[in-house]
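S.K.: Starting off with a structure, shown below.
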Amino acid sequence: MGAGTVALVVIDDAISMWDMYELGIATAVFGVAHTDLADPWYDLRLVGSRPGVPSKAPGFTLNAPYGLDELEKADTVIVPVVPESYMNGGRELPADLLAALRGAAARGARLVSLCNGVFALAAAGLLDGRPATAHWEHTRELAERYPRVQVDESVLYVDDGDVLTSAGLSGGLDLCLHIVRRDLGARVANQLARRLVVPAHRPGGQAQYVERALDVTDDGIAPVLHWALEHLDRPLTVEDLAARAGMSVRSFHRNLRAATGTSPMKWLLHQRLARAQQLLETTELPIDQVSERSGLGSANNLRHHFATHLGVAPTEYRRAFPCSGPVPALQR
């Protein structure tokens, strides 16, 4: 898709201290001109139903200079938050906002929600029959109020093509980086993630965050995962990793799922795909060597996994994100 215009919708009374996190994520990713990573970068427009009228919150005000008509021109429309009073059914979302969201979708714009912004997309009827997610505290309410939405509370975000939704808080950052990866390639997304000092992609889902905190840097798991990243070109097995961690296979499965939210083989496959994407973008290695260095084996196996998980062939991916020079080190 490439970088384009992003309309960030601010509902007039949606600004609270919590809401500033999602707003800050979107502005840091799309509103700061990271033109050293990709030029042109995104053009962010802050949109409100009353342009020029400041939205007040404790200790600050926020001015959205653009009106809802901006949604008619935006390539991507992001609804970061919805006020609590709308979510609990105390009030209805503004009819002009819902109409503008429907119009943007009909025109072919990409619709994105962060956290409880999903309630706006659902109220506009844009999620009927489609998968979506939200913060785990809100997924039950979302499913009850909008039964035609296929709510998945186990994931950090859902990419359903032209409609994308995310879980709460940091899940929104995961989705924003995913959008950059889709538009500008893994190399740019990885470099931006390093700049933001966050993982380029967190495998797993929300299950690890529901009503408990887990230490992802568990000394029994983190060194093994780091070692595996350094040796992705080897034929690694779960037994190999468990032995290196000094655990039984069963214990290793349990500890890795607690730390990452996924199984050992799925984690390995994701890392190998990410390595293959980076090699395709930053080198001119033949496809068979890309497959070997990423640990995916044959070129046919690489093509199979790219088609299954990315929806494109490796050669098409390389054409979309041509080599623009090496990066200092492979992103972990």
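Please note that chains go A, B, ... in the order of the structure tokens, that every chain numbers its residues from 1, and that ligands are numbered from 1 in the order shown.
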Can you list, as a ChimeraX atom specification, every protein, DNA or RNA residue that comes within 12 Å of Glu141 of chain A when you count only C-alpha atoms, leaving out same-chain residues fewer than 2 positions away?

M.R.: /A:87-89,116,118-119,122,133-139,143-147,149,151,153

S.K.: Mind checking which residues fall within 12 Å of Arg181 of chain A, counting only C-alpha atoms, ignoring those fewer than 6 positions away in the same chain, and posting them as a list in words?

M.R.: Met1, Gly2, Ala3, Val29, Ala38, Asp174, Leu175, Arg187, Val188, Ala189, Asn190, Gln191, Leu192, Ala193, Ala200, His201, Ala274, Gln277, Gln278, Glu281, Leu310, Tyr317, Ala320 and Phe321 of chain A

S.K.: Report as a tab-separated table (two decimals) with N, CA, C and O atoms, in the first residue's frame: the residues of segment 20-242 of chain A with a DSSP assignment of strand (DSSP E), based on the backbone of this structure.

M.R.:
```
chain	number	residue	atom	x	y	z
A	43	ASP	N	1.04	10.85	6.36
A	43	ASP	CA	0.53	12.19	6.61
A	43	ASP	C	-0.64	12.06	7.57
A	43	ASP	O	-1.73	11.62	7.19
A	44	LEU	N	-0.40	12.40	8.85
A	44	LEU	CA	-1.41	12.21	9.89
A	44	LEU	C	-2.30	13.44	10.02
A	44	LEU	O	-1.81	14.57	10.09
A	45	ARG	N	-3.61	13.22	10.05
A	45	ARG	CA	-4.59	14.29	10.25
A	45	ARG	C	-5.41	13.98	11.50
A	45	ARG	O	-6.01	12.91	11.59
A	46	LEU	N	-5.42	14.91	12.46
A	46	LEU	CA	-6.22	14.75	13.67
A	46	LEU	C	-7.62	15.26	13.38
A	46	LEU	O	-7.82	16.42	13.05
A	47	VAL	N	-8.60	14.36	13.50
A	47	VAL	CA	-9.96	14.64	13.05
A	47	VAL	C	-10.92	14.64	14.23
A	47	VAL	O	-10.86	13.76	15.10
A	48	GLY	N	-11.83	15.62	14.25
A	48	GLY	CA	-12.86	15.69	15.27
A	48	GLY	C	-14.17	16.13	14.66
A	48	GLY	O	-14.21	16.68	13.55
A	55	SER	N	-10.66	19.70	22.83
A	55	SER	CA	-11.20	18.68	23.72
A	55	SER	C	-10.43	18.76	25.03
A	55	SER	O	-9.20	18.77	25.03
A	56	LYS	N	-11.15	18.84	26.13
A	56	LYS	CA	-10.50	19.05	27.42
A	56	LYS	C	-10.34	17.73	28.16
A	56	LYS	O	-11.18	16.85	28.08
A	57	ALA	N	-9.24	17.63	28.86
A	57	ALA	CA	-8.94	16.49	29.71
A	57	ALA	C	-8.17	17.01	30.91
A	57	ALA	O	-7.73	18.16	30.91
A	60	PHE	N	-4.77	19.15	30.34
A	60	PHE	CA	-4.39	19.51	28.98
A	60	PHE	C	-5.62	19.60	28.08
A	60	PHE	O	-6.72	19.17	28.44
A	61	THR	N	-5.42	20.18	26.92
A	61	THR	CA	-6.45	20.23	25.89
A	61	THR	C	-5.87	19.69	24.59
A	61	THR	O	-4.66	19.73	24.38
A	62	LEU	N	-6.75	19.21	23.72
A	62	LEU	CA	-6.33	18.66	22.44
A	62	LEU	C	-7.19	19.27	21.34
A	62	LEU	O	-8.42	19.24	21.43
A	76	THR	N	-6.23	5.63	5.45
A	76	THR	CA	-6.44	4.85	6.66
A	76	THR	C	-7.16	5.69	7.69
A	76	THR	O	-6.81	6.85	7.90
A	77	VAL	N	-8.18	5.14	8.31
A	77	VAL	CA	-8.93	5.82	9.37
A	77	VAL	C	-8.75	5.03	10.66
A	77	VAL	O	-9.01	3.83	10.70
A	78	ILE	N	-8.27	5.71	11.70
A	78	ILE	CA	-8.02	5.06	12.99
A	78	ILE	C	-8.93	5.66	14.05
A	78	ILE	O	-8.97	6.88	14.22
A	79	VAL	N	-9.66	4.79	14.75
A	79	VAL	CA	-10.45	5.21	15.91
A	79	VAL	C	-9.74	4.64	17.14
A	79	VAL	O	-9.84	3.44	17.41
A	110	ARG	N	-8.95	1.97	4.62
A	110	ARG	CA	-8.65	0.95	5.62
A	110	ARG	C	-9.12	1.48	6.97
A	110	ARG	O	-8.78	2.58	7.38
A	111	LEU	N	-9.91	0.68	7.69
A	111	LEU	CA	-10.46	1.06	8.99
A	111	LEU	C	-9.71	0.34	10.10
A	111	LEU	O	-9.51	-0.87	10.03
A	112	VAL	N	-9.29	1.09	11.11
A	112	VAL	CA	-8.48	0.55	12.20
A	112	VAL	C	-9.05	1.01	13.53
A	112	VAL	O	-9.44	2.19	13.67
A	113	SER	N	-9.10	0.13	14.51
A	113	SER	CA	-9.44	0.53	15.87
A	113	SER	C	-8.35	0.09	16.82
A	113	SER	O	-7.72	-0.96	16.61
A	131	PRO	N	-14.10	-11.03	11.95
A	131	PRO	CA	-13.37	-11.21	13.21
A	131	PRO	C	-12.86	-9.88	13.74
A	131	PRO	O	-12.52	-8.98	12.96
A	132	ALA	N	-12.81	-9.76	15.05
A	132	ALA	CA	-12.33	-8.52	15.68
A	132	ALA	C	-11.91	-8.83	17.10
A	132	ALA	O	-12.27	-9.87	17.67
A	150	GLN	N	-17.49	-11.44	15.18
A	150	GLN	CA	-16.78	-12.65	15.59
A	150	GLN	C	-15.64	-12.24	16.53
A	150	GLN	O	-14.51	-12.02	16.10
A	151	VAL	N	-15.94	-12.13	17.80
A	151	VAL	CA	-14.98	-11.59	18.77
A	151	VAL	C	-13.97	-12.66	19.17
A	151	VAL	O	-14.34	-13.77	19.56
A	157	TYR	N	-4.04	-8.58	18.02
A	157	TYR	CA	-4.74	-7.79	17.00
A	157	TYR	C	-5.28	-8.73	15.94
A	157	TYR	O	-4.88	-9.89	15.84
A	158	VAL	N	-6.22	-8.20	15.15
A	158	VAL	CA	-6.82	-8.95	14.04
A	158	VAL	C	-6.65	-8.13	12.77
A	158	VAL	O	-7.02	-6.95	12.72
A	159	ASP	N	-6.05	-8.74	11.77
A	159	ASP	CA	-5.93	-8.12	10.45
A	159	ASP	C	-6.90	-8.85	9.52
A	159	ASP	O	-6.64	-9.98	9.11
A	163	VAL	N	-10.08	-4.07	7.40
A	163	VAL	CA	-10.50	-3.70	8.75
A	163	VAL	C	-9.59	-4.39	9.74
A	163	VAL	O	-9.44	-5.62	9.71
A	164	LEU	N	-8.96	-3.60	10.62
A	164	LEU	CA	-8.01	-4.15	11.59
A	164	LEU	C	-8.39	-3.65	12.98
A	164	LEU	O	-8.73	-2.47	13.16
A	165	THR	N	-8.32	-4.52	13.97
A	165	THR	CA	-8.67	-4.17	15.34
A	165	THR	C	-7.58	-4.68	16.27
A	165	THR	O	-6.91	-5.67	15.97
A	166	SER	N	-7.42	-4.02	17.42
A	166	SER	CA	-6.36	-4.43	18.34
A	166	SER	C	-6.88	-4.53	19.76
A	166	SER	O	-7.92	-3.98	20.11
```

S.K.: Point out the residue among A:Gly161, A:Gly24, A:Pro223, A:Gly185 with the least atom-to-atom distance to Leu37 of chain A, counting only C-alpha atoms.

M.R.: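 That would be A:Gly185, the residue with the smallest distance to Leu37 of chain A.
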
S.K.: Write out as a list in words which residues come within 7 Å of Pro51 of chain A when counting only C-alpha atoms, dropping same-chain ones fewer than 5 positions away.

M.R.: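 These residues fall inside the cut-off: Ala64, Pro65, Tyr66 and Gly67 of chain A.
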
S.K.: Output N, CA, C and O atoms of each residue in that selection to a file, as a tab-separated table (two decimals), in the first residue's frame.

M.R.:
```
chain	number	residue	atom	x	y	z
A	64	ALA	N	-8.32	19.24	17.46
A	64	ALA	CA	-8.37	18.51	16.20
A	64	ALA	C	-8.71	19.50	15.09
A	64	ALA	O	-9.85	19.95	14.99
A	65	PRO	N	-7.73	19.84	14.25
A	65	PRO	CA	-7.98	20.89	13.25
A	65	PRO	C	-8.81	20.44	12.05
A	65	PRO	O	-9.26	21.28	11.27
A	66	TYR	N	-9.03	19.13	11.88
A	66	TYR	CA	-9.75	18.63	10.71
A	66	TYR	C	-11.12	18.09	11.13
A	66	TYR	O	-11.28	17.54	12.23
A	67	GLY	N	-12.09	18.22	10.22
A	67	GLY	CA	-13.43	17.71	10.46
A	67	GLY	C	-13.63	16.32	9.90
A	67	GLY	O	-12.74	15.75	9.26
```

S.K.: Using only C-alpha atoms for the distances, tell me which of A:Leu126, A:Val198, A:Phe30, A:Ala74 is nearest to Leu98 of chain A.

M.R.: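 That would be A:Leu126, the residue with the smallest distance to Leu98 of chain A.
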
S.K.: In terms of the shortest atom-to-atom distance over only C-alpha atoms, which of A:Gly129, A:Pro94, A:Pro314, A:Gly171 is closest to Leu114 of chain A?

M.R.: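 Selected residue with least distance to Leu114 of chain A: A:Gly171.
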
S.K.: Using only C-alpha atoms, which of A:Leu68, A:Leu142, A:Ile25, A:Leu184 sits nearest Leu169 of chain A?

M.R.: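 The shortest atom-to-atom distance to Leu169 of chain A comes from A:Ile25.
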
S.K.: How many Å lie between atom CA of Arg140 of chain A and atom CA of Gly103 of chain A, rounded to one decimal?

M.R.: 27.8 Å

S.K.: Could you check which of A:Ala167, A:Ala95, A:Val6, A:Leu273 is closest to Trp41 of chain A, using only C-alpha atoms?

M.R.: A:Val6

S.K.: Can you work out the spacing between atom CA of Leu225 of chain A and atom CA of Gly168 of chain A in Å, to one decimal?

M.R.: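 Separation of atom CA of Leu225 of chain A and atom CA of Gly168 of chain A: 26.0 Å.
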
S.K.: Of the candidates A:Leu280, A:Asn63, A:Asn300, A:Tyr21, which shows the shortest atom-to-atom distance to Thr315 of chain A, using only C-alpha atoms?

M.R.: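 For Thr315 of chain A, the nearest of the given residues is A:Leu280.
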
S.K.: Run DSSP on the backbone and grab whatever in segment 91-139 of chain A lands in alpha helix (DSSP H); send it over as a list in words.

M.R.: Ala95, Asp96, Leu97, Leu98, Ala99, Ala100, Leu101, Arg102, Gly103, Ala104, Ala105, Ala106, Arg107, Val118, Phe119, Ala120, Leu121, Ala122, Ala123 and Thr139 of chain A

S.K.: Suppose you want the space between atom CA of Tyr42 of chain A and atom CA of Gly4 of chain A; what is it in Å?

M.R.: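 Between these atoms lies a distance of 5.1 Å.
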